[in-house]
Amino acid sequence: MMSRICYIELPASNLPSTRAFYSDAFGFALTDYGPSYSCTTTGVVDIGLQGDLSEATTAPLAVIAVDDLEACLEAVTQAGGVITKPLFAFPGGRRFHFRDPSGNELAALKAD
């Protein structure tokens with residue numbers, strides 16, 4: 001599998017109204033993962049709504065699916081990326097966050 005953007009995570013300061021907006025405006029079916037997170041699960045390019053603002057990024061977060069997370073971490077570091085959140089597990093996989101040389105924050109993901 002080639003690496004590809006698979007997910008966009010959005011900060012959601014008001015999760016219930018943001019969830020309702022995407023459901024009503026676009027017909028998105030969202031699944032709740034606890035009280036502060038909701039996402040689509042189409043398997044194409046999904047969106048996640050992060051209602052825990054202490055965990056949310058300040059801008060949309062593009063997430064890149066990779067085959068080997070540890071190799072990706074090394075490649076990102078070697079290419080000049082700055083790790084902003086080390087490897088961590090979550091329901092569905094593991095990921096890390098990084099900033100590119102222009103300061104954009106992204107994440108790399110290896111699904112379970």
# chains A, B, ... in the order shown; residues from 1 in each chain; ligands from 1

call {"tool": "residues_around", "arguments": {"residues": "A:Thr57", "least_positions_apart": "2", "cutoff": "12 Å", "atoms": "only C-alpha atoms", "output": "PyMOL selection string"}}
result
chain A and resi 8-13+48-55+59-62+84-85+97-99+104-107

call {"tool": "write_last_selection", "arguments": {"atoms": "N, CA and C atoms", "output": "PDB file, in the first residue's frame"}}
result
ATOM      1  N   ILE A   8      -9.107  13.343   8.013  1.00  0.00           N
ATOM      2  CA  ILE A   8      -8.941  14.745   8.384  1.00  0.00           C
ATOM      3  C   ILE A   8      -9.613  14.920   9.741  1.00  0.00           C
ATOM      4  N   GLU A   9      -8.839  15.355  10.729  1.00  0.00           N
ATOM      5  CA  GLU A   9      -9.387  15.561  12.070  1.00  0.00           C
ATOM      6  C   GLU A   9      -9.596  17.051  12.290  1.00  0.00           C
ATOM      7  N   LEU A  10     -10.786  17.407  12.732  1.00  0.00           N
ATOM      8  CA  LEU A  10     -11.153  18.809  12.933  1.00  0.00           C
ATOM      9  C   LEU A  10     -11.361  19.094  14.415  1.00  0.00           C
ATOM     10  N   PRO A  11     -10.863  20.229  14.909  1.00  0.00           N
ATOM     11  CA  PRO A  11     -11.195  20.622  16.276  1.00  0.00           C
ATOM     12  C   PRO A  11     -12.681  20.970  16.339  1.00  0.00           C
ATOM     13  N   ALA A  12     -13.345  20.576  17.416  1.00  0.00           N
ATOM     14  CA  ALA A  12     -14.793  20.814  17.545  1.00  0.00           C
ATOM     15  C   ALA A  12     -15.084  21.376  18.931  1.00  0.00           C
ATOM     16  N   SER A  13     -15.111  22.696  19.037  1.00  0.00           N
ATOM     17  CA  SER A  13     -15.339  23.329  20.341  1.00  0.00           C
ATOM     18  C   SER A  13     -16.736  23.051  20.880  1.00  0.00           C
ATOM     19  N   GLY A  48     -12.804  13.211  11.473  1.00  0.00           N
ATOM     20  CA  GLY A  48     -12.962  13.034  12.909  1.00  0.00           C
ATOM     21  C   GLY A  48     -13.197  14.384  13.535  1.00  0.00           C
ATOM     22  N   LEU A  49     -14.048  14.422  14.541  1.00  0.00           N
ATOM     23  CA  LEU A  49     -14.339  15.663  15.272  1.00  0.00           C
ATOM     24  C   LEU A  49     -13.790  15.502  16.678  1.00  0.00           C
ATOM     25  N   GLN A  50     -12.778  16.288  17.016  1.00  0.00           N
ATOM     26  CA  GLN A  50     -12.129  16.213  18.326  1.00  0.00           C
ATOM     27  C   GLN A  50     -12.728  17.271  19.236  1.00  0.00           C
ATOM     28  N   GLY A  51     -13.582  16.827  20.179  1.00  0.00           N
ATOM     29  CA  GLY A  51     -14.238  17.736  21.100  1.00  0.00           C
ATOM     30  C   GLY A  51     -13.435  18.038  22.347  1.00  0.00           C
ATOM     31  N   ASP A  52     -12.378  17.277  22.602  1.00  0.00           N
ATOM     32  CA  ASP A  52     -11.501  17.538  23.747  1.00  0.00           C
ATOM     33  C   ASP A  52     -10.454  18.535  23.277  1.00  0.00           C
ATOM     34  N   LEU A  53     -10.666  19.805  23.576  1.00  0.00           N
ATOM     35  CA  LEU A  53      -9.794  20.847  23.037  1.00  0.00           C
ATOM     36  C   LEU A  53      -8.371  20.765  23.562  1.00  0.00           C
ATOM     37  N   SER A  54      -8.155  20.048  24.679  1.00  0.00           N
ATOM     38  CA  SER A  54      -6.780  19.850  25.145  1.00  0.00           C
ATOM     39  C   SER A  54      -6.042  18.860  24.242  1.00  0.00           C
ATOM     40  N   GLU A  55      -6.771  18.062  23.476  1.00  0.00           N
ATOM     41  CA  GLU A  55      -6.190  17.107  22.533  1.00  0.00           C
ATOM     42  C   GLU A  55      -6.261  17.596  21.088  1.00  0.00           C
ATOM     43  N   ALA A  59      -5.731  23.651  13.885  1.00  0.00           N
ATOM     44  CA  ALA A  59      -6.189  23.659  12.492  1.00  0.00           C
ATOM     45  C   ALA A  59      -6.541  22.224  12.106  1.00  0.00           C
ATOM     46  N   PRO A  60      -7.214  22.031  10.978  1.00  0.00           N
ATOM     47  CA  PRO A  60      -7.475  20.662  10.537  1.00  0.00           C
ATOM     48  C   PRO A  60      -6.173  19.856  10.465  1.00  0.00           C
ATOM     49  N   LEU A  61      -6.258  18.606  10.849  1.00  0.00           N
ATOM     50  CA  LEU A  61      -5.102  17.715  10.901  1.00  0.00           C
ATOM     51  C   LEU A  61      -5.257  16.628   9.839  1.00  0.00           C
ATOM     52  N   ALA A  62      -4.416  16.669   8.816  1.00  0.00           N
ATOM     53  CA  ALA A  62      -4.407  15.598   7.818  1.00  0.00           C
ATOM     54  C   ALA A  62      -3.670  14.408   8.401  1.00  0.00           C
ATOM     55  N   THR A  84       5.722  16.300  17.119  1.00  0.00           N
ATOM     56  CA  THR A  84       4.984  17.107  18.095  1.00  0.00           C
ATOM     57  C   THR A  84       4.216  16.250  19.092  1.00  0.00           C
ATOM     58  N   LYS A  85       3.940  15.000  18.740  1.00  0.00           N
ATOM     59  CA  LYS A  85       3.281  14.060  19.645  1.00  0.00           C
ATOM     60  C   LYS A  85       3.842  12.678  19.317  1.00  0.00           C
ATOM     61  N   HIS A  97       2.225  12.591  15.649  1.00  0.00           N
ATOM     62  CA  HIS A  97       2.023  13.883  14.989  1.00  0.00           C
ATOM     63  C   HIS A  97       3.387  14.503  14.718  1.00  0.00           C
ATOM     64  N   PHE A  98       3.439  15.325  13.669  1.00  0.00           N
ATOM     65  CA  PHE A  98       4.680  16.005  13.316  1.00  0.00           C
ATOM     66  C   PHE A  98       4.367  17.310  12.601  1.00  0.00           C
ATOM     67  N   ARG A  99       5.372  18.173  12.545  1.00  0.00           N
ATOM     68  CA  ARG A  99       5.283  19.405  11.762  1.00  0.00           C
ATOM     69  C   ARG A  99       6.254  19.285  10.592  1.00  0.00           C
ATOM     70  N   ASN A 104       3.248  23.064   9.186  1.00  0.00           N
ATOM     71  CA  ASN A 104       1.957  22.376   9.148  1.00  0.00           C
ATOM     72  C   ASN A 104       2.014  21.133  10.020  1.00  0.00           C
ATOM     73  N   GLU A 105       0.993  20.944  10.853  1.00  0.00           N
ATOM     74  CA  GLU A 105       0.940  19.737  11.664  1.00  0.00           C
ATOM     75  C   GLU A 105       0.134  18.663  10.937  1.00  0.00           C
ATOM     76  N   LEU A 106       0.688  17.465  10.879  1.00  0.00           N
ATOM     77  CA  LEU A 106       0.050  16.295  10.276  1.00  0.00           C
ATOM     78  C   LEU A 106       0.253  15.124  11.222  1.00  0.00           C
ATOM     79  N   ALA A 107      -0.326  13.992  10.867  1.00  0.00           N
ATOM     80  CA  ALA A 107      -0.125  12.769  11.626  1.00  0.00           C
ATOM     81  C   ALA A 107       0.093  11.616  10.668  1.00  0.00           C
TER      82      ALA A 107
END

call {"tool": "atom_distance", "arguments": {"atom1": "atom CA of A:Ala89", "atom2": "atom CA of A:Ala20"}}
result
27.5 Å

call {"tool": "atom_distance", "arguments": {"atom1": "atom CA of A:Ala111", "atom2": "atom CA of A:Val45"}}
result
13.6 Å

call {"tool": "residues_around", "arguments": {"residues": "A:Arg4", "least_positions_apart": "5", "cutoff": "8 Å", "atoms": "only C-alpha atoms", "output": "ChimeraX atom specification"}}
result
/A:64-66

call {"tool": "residues_around", "arguments": {"residues": "A:Pro86", "least_positions_apart": "3", "cutoff": "8 Å", "atoms": "only C-alpha atoms", "output": "number ranges by chain"}}
result
A: 83, 95-97

call {"tool": "residues_around", "arguments": {"residues": "A:Ala29", "least_positions_apart": "3", "cutoff": "10 Å", "atoms": "only C-alpha atoms", "output": "list of chain:residue names"}}
result
A:Arg19, A:Ala20, A:Tyr22, A:Ser23, A:Asp24, A:Phe26, A:Ser38, A:Cys39, A:Thr40, A:Thr41, A:Thr42

call {"tool": "select_by_dssp", "arguments": {"residues": "stretch 13-112 of chain A", "states": "alpha helix (DSSP H)", "output": "VMD selection string"}}
result
chain A and resid 15 to 26 69 to 78

call {"tool": "atom_distance", "arguments": {"atom1": "atom CA of A:Ala71", "atom2": "atom CA of A:Asp46"}}
result
23.9 Å

call {"tool": "select_by_dssp", "arguments": {"residues": "chain A", "states": "strand (DSSP E)", "output": "PDB file with N, CA, C and O atoms, in the first residue's frame"}}
result
ATOM      1  N   ARG A   4      -1.123   7.398   1.936  1.00  0.00           N
ATOM      2  CA  ARG A   4      -2.154   8.286   1.398  1.00  0.00           C
ATOM      3  C   ARG A   4      -2.868   8.979   2.544  1.00  0.00           C
ATOM      4  O   ARG A   4      -2.945   8.452   3.649  1.00  0.00           O
ATOM      5  N   ILE A   5      -3.383  10.158   2.276  1.00  0.00           N
ATOM      6  CA  ILE A   5      -4.201  10.835   3.281  1.00  0.00           C
ATOM      7  C   ILE A   5      -5.499  10.049   3.399  1.00  0.00           C
ATOM      8  O   ILE A   5      -6.177   9.788   2.401  1.00  0.00           O
ATOM      9  N   CYS A   6      -5.812   9.651   4.617  1.00  0.00           N
ATOM     10  CA  CYS A   6      -6.986   8.816   4.851  1.00  0.00           C
ATOM     11  C   CYS A   6      -7.984   9.463   5.796  1.00  0.00           C
ATOM     12  O   CYS A   6      -9.102   8.965   5.956  1.00  0.00           O
ATOM     13  N   TYR A   7      -7.589  10.578   6.423  1.00  0.00           N
ATOM     14  CA  TYR A   7      -8.394  11.096   7.521  1.00  0.00           C
ATOM     15  C   TYR A   7      -8.093  12.570   7.701  1.00  0.00           C
ATOM     16  O   TYR A   7      -6.949  12.993   7.555  1.00  0.00           O
ATOM     17  N   ILE A   8      -9.107  13.343   8.013  1.00  0.00           N
ATOM     18  CA  ILE A   8      -8.941  14.745   8.384  1.00  0.00           C
ATOM     19  C   ILE A   8      -9.613  14.920   9.741  1.00  0.00           C
ATOM     20  O   ILE A   8     -10.805  14.643   9.887  1.00  0.00           O
ATOM     21  N   GLU A   9      -8.839  15.355  10.729  1.00  0.00           N
ATOM     22  CA  GLU A   9      -9.387  15.561  12.070  1.00  0.00           C
ATOM     23  C   GLU A   9      -9.596  17.051  12.290  1.00  0.00           C
ATOM     24  O   GLU A   9      -8.704  17.859  12.039  1.00  0.00           O
ATOM     25  N   LEU A  10     -10.786  17.407  12.732  1.00  0.00           N
ATOM     26  CA  LEU A  10     -11.153  18.809  12.933  1.00  0.00           C
ATOM     27  C   LEU A  10     -11.361  19.094  14.415  1.00  0.00           C
ATOM     28  O   LEU A  10     -12.010  18.309  15.111  1.00  0.00           O
ATOM     29  N   PRO A  11     -10.863  20.229  14.909  1.00  0.00           N
ATOM     30  CA  PRO A  11     -11.195  20.622  16.276  1.00  0.00           C
ATOM     31  C   PRO A  11     -12.681  20.970  16.339  1.00  0.00           C
ATOM     32  O   PRO A  11     -13.224  21.559  15.402  1.00  0.00           O
ATOM     33  N   THR A  31     -19.851   8.055  14.096  1.00  0.00           N
ATOM     34  CA  THR A  31     -19.804   7.112  15.210  1.00  0.00           C
ATOM     35  C   THR A  31     -19.109   7.792  16.375  1.00  0.00           C
ATOM     36  O   THR A  31     -18.053   8.405  16.190  1.00  0.00           O
ATOM     37  N   ASP A  32     -19.691   7.696  17.556  1.00  0.00           N
ATOM     38  CA  ASP A  32     -19.088   8.281  18.750  1.00  0.00           C
ATOM     39  C   ASP A  32     -18.083   7.315  19.363  1.00  0.00           C
ATOM     40  O   ASP A  32     -18.337   6.115  19.455  1.00  0.00           O
ATOM     41  N   TYR A  37     -15.344  12.512  21.088  1.00  0.00           N
ATOM     42  CA  TYR A  37     -14.839  12.226  19.747  1.00  0.00           C
ATOM     43  C   TYR A  37     -15.910  11.536  18.923  1.00  0.00           C
ATOM     44  O   TYR A  37     -16.616  10.659  19.404  1.00  0.00           O
ATOM     45  N   SER A  38     -16.001  11.935  17.665  1.00  0.00           N
ATOM     46  CA  SER A  38     -16.967  11.348  16.747  1.00  0.00           C
ATOM     47  C   SER A  38     -16.340  11.360  15.365  1.00  0.00           C
ATOM     48  O   SER A  38     -15.601  12.296  15.022  1.00  0.00           O
ATOM     49  N   CYS A  39     -16.618  10.314  14.556  1.00  0.00           N
ATOM     50  CA  CYS A  39     -16.011  10.284  13.229  1.00  0.00           C
ATOM     51  C   CYS A  39     -16.828   9.454  12.254  1.00  0.00           C
ATOM     52  O   CYS A  39     -17.669   8.652  12.646  1.00  0.00           O
ATOM     53  N   ASP A  46     -11.940   9.778   5.792  1.00  0.00           N
ATOM     54  CA  ASP A  46     -12.902  10.037   6.861  1.00  0.00           C
ATOM     55  C   ASP A  46     -12.588  11.340   7.572  1.00  0.00           C
ATOM     56  O   ASP A  46     -11.494  11.882   7.453  1.00  0.00           O
ATOM     57  N   ILE A  47     -13.596  11.849   8.302  1.00  0.00           N
ATOM     58  CA  ILE A  47     -13.373  13.013   9.155  1.00  0.00           C
ATOM     59  C   ILE A  47     -13.589  12.605  10.600  1.00  0.00           C
ATOM     60  O   ILE A  47     -14.423  11.756  10.907  1.00  0.00           O
ATOM     61  N   GLY A  48     -12.804  13.211  11.473  1.00  0.00           N
ATOM     62  CA  GLY A  48     -12.962  13.034  12.909  1.00  0.00           C
ATOM     63  C   GLY A  48     -13.197  14.384  13.535  1.00  0.00           C
ATOM     64  O   GLY A  48     -12.634  15.392  13.101  1.00  0.00           O
ATOM     65  N   LEU A  49     -14.048  14.422  14.541  1.00  0.00           N
ATOM     66  CA  LEU A  49     -14.339  15.663  15.272  1.00  0.00           C
ATOM     67  C   LEU A  49     -13.790  15.502  16.678  1.00  0.00           C
ATOM     68  O   LEU A  49     -14.260  14.662  17.442  1.00  0.00           O
ATOM     69  N   GLN A  50     -12.778  16.288  17.016  1.00  0.00           N
ATOM     70  CA  GLN A  50     -12.129  16.213  18.326  1.00  0.00           C
ATOM     71  C   GLN A  50     -12.728  17.271  19.236  1.00  0.00           C
ATOM     72  O   GLN A  50     -12.469  18.457  19.095  1.00  0.00           O
ATOM     73  N   LEU A  61      -6.258  18.606  10.849  1.00  0.00           N
ATOM     74  CA  LEU A  61      -5.102  17.715  10.901  1.00  0.00           C
ATOM     75  C   LEU A  61      -5.257  16.628   9.839  1.00  0.00           C
ATOM     76  O   LEU A  61      -6.153  15.782   9.943  1.00  0.00           O
ATOM     77  N   ALA A  62      -4.416  16.669   8.816  1.00  0.00           N
ATOM     78  CA  ALA A  62      -4.407  15.598   7.818  1.00  0.00           C
ATOM     79  C   ALA A  62      -3.670  14.408   8.401  1.00  0.00           C
ATOM     80  O   ALA A  62      -2.610  14.557   9.015  1.00  0.00           O
ATOM     81  N   VAL A  63      -4.237  13.216   8.214  1.00  0.00           N
ATOM     82  CA  VAL A  63      -3.633  11.989   8.725  1.00  0.00           C
ATOM     83  C   VAL A  63      -3.274  11.110   7.534  1.00  0.00           C
ATOM     84  O   VAL A  63      -4.107  10.858   6.661  1.00  0.00           O
ATOM     85  N   ILE A  64      -2.028  10.647   7.507  1.00  0.00           N
ATOM     86  CA  ILE A  64      -1.508   9.855   6.402  1.00  0.00           C
ATOM     87  C   ILE A  64      -1.392   8.402   6.850  1.00  0.00           C
ATOM     88  O   ILE A  64      -0.723   8.103   7.845  1.00  0.00           O
ATOM     89  N   ALA A  65      -2.037   7.497   6.126  1.00  0.00           N
ATOM     90  CA  ALA A  65      -1.938   6.065   6.410  1.00  0.00           C
ATOM     91  C   ALA A  65      -0.613   5.539   5.877  1.00  0.00           C
ATOM     92  O   ALA A  65      -0.236   5.843   4.741  1.00  0.00           O
ATOM     93  N   VAL A  82       9.489  17.676  12.534  1.00  0.00           N
ATOM     94  CA  VAL A  82       9.606  17.801  13.986  1.00  0.00           C
ATOM     95  C   VAL A  82       8.441  17.055  14.622  1.00  0.00           C
ATOM     96  O   VAL A  82       7.279  17.358  14.329  1.00  0.00           O
ATOM     97  N   ILE A  83       8.744  16.088  15.469  1.00  0.00           N
ATOM     98  CA  ILE A  83       7.710  15.292  16.130  1.00  0.00           C
ATOM     99  C   ILE A  83       7.048  16.160  17.201  1.00  0.00           C
ATOM    100  O   ILE A  83       7.722  16.704  18.074  1.00  0.00           O
ATOM    101  N   THR A  84       5.722  16.300  17.119  1.00  0.00           N
ATOM    102  CA  THR A  84       4.984  17.107  18.095  1.00  0.00           C
ATOM    103  C   THR A  84       4.216  16.250  19.092  1.00  0.00           C
ATOM    104  O   THR A  84       3.857  16.728  20.159  1.00  0.00           O
ATOM    105  N   LYS A  85       3.940  15.000  18.740  1.00  0.00           N
ATOM    106  CA  LYS A  85       3.281  14.060  19.645  1.00  0.00           C
ATOM    107  C   LYS A  85       3.842  12.678  19.317  1.00  0.00           C
ATOM    108  O   LYS A  85       3.626  12.164  18.225  1.00  0.00           O
ATOM    109  N   PRO A  86       4.589  12.078  20.264  1.00  0.00           N
ATOM    110  CA  PRO A  86       5.204  10.783  19.978  1.00  0.00           C
ATOM    111  C   PRO A  86       4.159   9.699  19.734  1.00  0.00           C
ATOM    112  O   PRO A  86       2.962   9.895  19.977  1.00  0.00           O
ATOM    113  N   LEU A  87       4.630   8.542  19.289  1.00  0.00           N
ATOM    114  CA  LEU A  87       3.747   7.406  19.029  1.00  0.00           C
ATOM    115  C   LEU A  87       2.787   7.169  20.186  1.00  0.00           C
ATOM    116  O   LEU A  87       3.189   7.172  21.341  1.00  0.00           O
ATOM    117  N   PHE A  88       1.512   6.962  19.847  1.00  0.00           N
ATOM    118  CA  PHE A  88       0.515   6.622  20.861  1.00  0.00           C
ATOM    119  C   PHE A  88      -0.542   5.739  20.228  1.00  0.00           C
ATOM    120  O   PHE A  88      -0.748   5.749  19.021  1.00  0.00           O
ATOM    121  N   ALA A  89      -1.203   4.953  21.076  1.00  0.00           N
ATOM    122  CA  ALA A  89      -2.270   4.062  20.627  1.00  0.00           C
ATOM    123  C   ALA A  89      -3.618   4.723  20.865  1.00  0.00           C
ATOM    124  O   ALA A  89      -3.765   5.552  21.767  1.00  0.00           O
ATOM    125  N   PHE A  90      -4.578   4.352  20.055  1.00  0.00           N
ATOM    126  CA  PHE A  90      -5.961   4.806  20.200  1.00  0.00           C
ATOM    127  C   PHE A  90      -6.843   3.691  19.652  1.00  0.00           C
ATOM    128  O   PHE A  90      -6.333   2.769  19.000  1.00  0.00           O
ATOM    129  N   GLY A  93      -5.798   1.828  16.149  1.00  0.00           N
ATOM    130  CA  GLY A  93      -4.430   1.854  15.646  1.00  0.00           C
ATOM    131  C   GLY A  93      -3.470   2.633  16.511  1.00  0.00           C
ATOM    132  O   GLY A  93      -3.691   2.848  17.691  1.00  0.00           O
ATOM    133  N   ARG A  94      -2.393   3.081  15.855  1.00  0.00           N
ATOM    134  CA  ARG A  94      -1.374   3.915  16.509  1.00  0.00           C
ATOM    135  C   ARG A  94      -1.004   5.029  15.543  1.00  0.00           C
ATOM    136  O   ARG A  94      -1.134   4.884  14.328  1.00  0.00           O
ATOM    137  N   ARG A  95      -0.525   6.146  16.101  1.00  0.00           N
ATOM    138  CA  ARG A  95      -0.104   7.253  15.248  1.00  0.00           C
ATOM    139  C   ARG A  95       0.863   8.153  15.987  1.00  0.00           C
ATOM    140  O   ARG A  95       1.081   8.012  17.184  1.00  0.00           O
ATOM    141  N   PHE A  96       1.447   9.089  15.247  1.00  0.00           N
ATOM    142  CA  PHE A  96       2.243  10.167  15.828  1.00  0.00           C
ATOM    143  C   PHE A  96       1.951  11.435  15.034  1.00  0.00           C
ATOM    144  O   PHE A  96       1.466  11.375  13.905  1.00  0.00           O
ATOM    145  N   HIS A  97       2.225  12.591  15.649  1.00  0.00           N
ATOM    146  CA  HIS A  97       2.023  13.883  14.989  1.00  0.00           C
ATOM    147  C   HIS A  97       3.387  14.503  14.718  1.00  0.00           C
ATOM    148  O   HIS A  97       4.338  14.284  15.464  1.00  0.00           O
ATOM    149  N   PHE A  98       3.439  15.325  13.669  1.00  0.00           N
ATOM    150  CA  PHE A  98       4.680  16.005  13.316  1.00  0.00           C
ATOM    151  C   PHE A  98       4.367  17.310  12.601  1.00  0.00           C
ATOM    152  O   PHE A  98       3.251  17.525  12.124  1.00  0.00           O
ATOM    153  N   ARG A  99       5.372  18.173  12.545  1.00  0.00           N
ATOM    154  CA  ARG A  99       5.283  19.405  11.762  1.00  0.00           C
ATOM    155  C   ARG A  99       6.254  19.285  10.592  1.00  0.00           C
ATOM    156  O   ARG A  99       7.382  18.824  10.745  1.00  0.00           O
ATOM    157  N   GLU A 105       0.993  20.944  10.853  1.00  0.00           N
ATOM    158  CA  GLU A 105       0.940  19.737  11.664  1.00  0.00           C
ATOM    159  C   GLU A 105       0.134  18.663  10.937  1.00  0.00           C
ATOM    160  O   GLU A 105      -0.960  18.918  10.428  1.00  0.00           O
ATOM    161  N   LEU A 106       0.688  17.465  10.879  1.00  0.00           N
ATOM    162  CA  LEU A 106       0.050  16.295  10.276  1.00  0.00           C
ATOM    163  C   LEU A 106       0.253  15.124  11.222  1.00  0.00           C
ATOM    164  O   LEU A 106       0.925  15.246  12.237  1.00  0.00           O
ATOM    165  N   ALA A 107      -0.326  13.992  10.867  1.00  0.00           N
ATOM    166  CA  ALA A 107      -0.125  12.769  11.626  1.00  0.00           C
ATOM    167  C   ALA A 107       0.093  11.616  10.668  1.00  0.00           C
ATOM    168  O   ALA A 107      -0.366  11.651   9.524  1.00  0.00           O
ATOM    169  N   ALA A 108       0.824  10.611  11.137  1.00  0.00           N
ATOM    170  CA  ALA A 108       0.991   9.358  10.395  1.00  0.00           C
ATOM    171  C   ALA A 108       0.312   8.270  11.226  1.00  0.00           C
ATOM    172  O   ALA A 108       0.427   8.251  12.450  1.00  0.00           O
ATOM    173  N   LEU A 109      -0.403   7.373  10.539  1.00  0.00           N
ATOM    174  CA  LEU A 109      -1.255   6.370  11.190  1.00  0.00           C
ATOM    175  C   LEU A 109      -0.966   4.983  10.643  1.00  0.00           C
ATOM    176  O   LEU A 109      -0.812   4.812   9.433  1.00  0.00           O
ATOM    177  N   LYS A 110      -0.934   4.011  11.532  1.00  0.00           N
ATOM    178  CA  LYS A 110      -0.941   2.604  11.157  1.00  0.00           C
ATOM    179  C   LYS A 110      -2.168   2.008  11.820  1.00  0.00           C
ATOM    180  O   LYS A 110      -2.265   1.950  13.045  1.00  0.00           O
ATOM    181  N   ALA A 111      -3.152   1.622  11.010  1.00  0.00           N
ATOM    182  CA  ALA A 111      -4.385   1.048  11.541  1.00  0.00           C
ATOM    183  C   ALA A 111      -4.134  -0.376  12.016  1.00  0.00           C
ATOM    184  O   ALA A 111      -3.248  -1.066  11.516  1.00  0.00           O
TER     185      ALA A 111
END

call {"tool": "decode", "arguments": {"residues": "stretch 3-14 of chain A", "atoms": "N, CA and C atoms", "output": "mmCIF file, in the first residue's frame"}}
result
data_model
loop_
_atom_site.group_PDB
_atom_site.id
_atom_site.type_symbol
_atom_site.label_atom_id
_atom_site.label_comp_id
_atom_site.auth_asym_id
_atom_site.auth_seq_id
_atom_site.Cartn_x
_atom_site.Cartn_y
_atom_site.Cartn_z
ATOM 1 N N SER A 3 1.467 5.211 0.838
ATOM 2 C CA SER A 3 0.967 6.155 1.835
ATOM 3 C C SER A 3 -0.056 7.062 1.185
ATOM 4 N N ARG A 4 -1.123 7.398 1.936
ATOM 5 C CA ARG A 4 -2.154 8.286 1.398
ATOM 6 C C ARG A 4 -2.868 8.979 2.544
ATOM 7 N N ILE A 5 -3.383 10.158 2.276
ATOM 8 C CA ILE A 5 -4.201 10.835 3.281
ATOM 9 C C ILE A 5 -5.499 10.049 3.399
ATOM 10 N N CYS A 6 -5.812 9.651 4.617
ATOM 11 C CA CYS A 6 -6.986 8.816 4.851
ATOM 12 C C CYS A 6 -7.984 9.463 5.796
ATOM 13 N N TYR A 7 -7.589 10.578 6.423
ATOM 14 C CA TYR A 7 -8.394 11.096 7.521
ATOM 15 C C TYR A 7 -8.093 12.570 7.701
ATOM 16 N N ILE A 8 -9.107 13.343 8.013
ATOM 17 C CA ILE A 8 -8.941 14.745 8.384
ATOM 18 C C ILE A 8 -9.613 14.920 9.741
ATOM 19 N N GLU A 9 -8.839 15.355 10.729
ATOM 20 C CA GLU A 9 -9.387 15.561 12.070
ATOM 21 C C GLU A 9 -9.596 17.051 12.290
ATOM 22 N N LEU A 10 -10.786 17.407 12.732
ATOM 23 C CA LEU A 10 -11.153 18.809 12.933
ATOM 24 C C LEU A 10 -11.361 19.094 14.415
ATOM 25 N N PRO A 11 -10.863 20.229 14.909
ATOM 26 C CA PRO A 11 -11.195 20.622 16.276
ATOM 27 C C PRO A 11 -12.681 20.970 16.339
ATOM 28 N N ALA A 12 -13.345 20.576 17.416
ATOM 29 C CA ALA A 12 -14.793 20.814 17.545
ATOM 30 C C ALA A 12 -15.084 21.376 18.931
ATOM 31 N N SER A 13 -15.111 22.696 19.037
ATOM 32 C CA SER A 13 -15.339 23.329 20.341
ATOM 33 C C SER A 13 -16.736 23.051 20.880
ATOM 34 N N ASN A 14 -17.679 22.745 19.993
ATOM 35 C CA ASN A 14 -19.027 22.351 20.411
ATOM 36 C C ASN A 14 -19.355 21.068 19.640
#
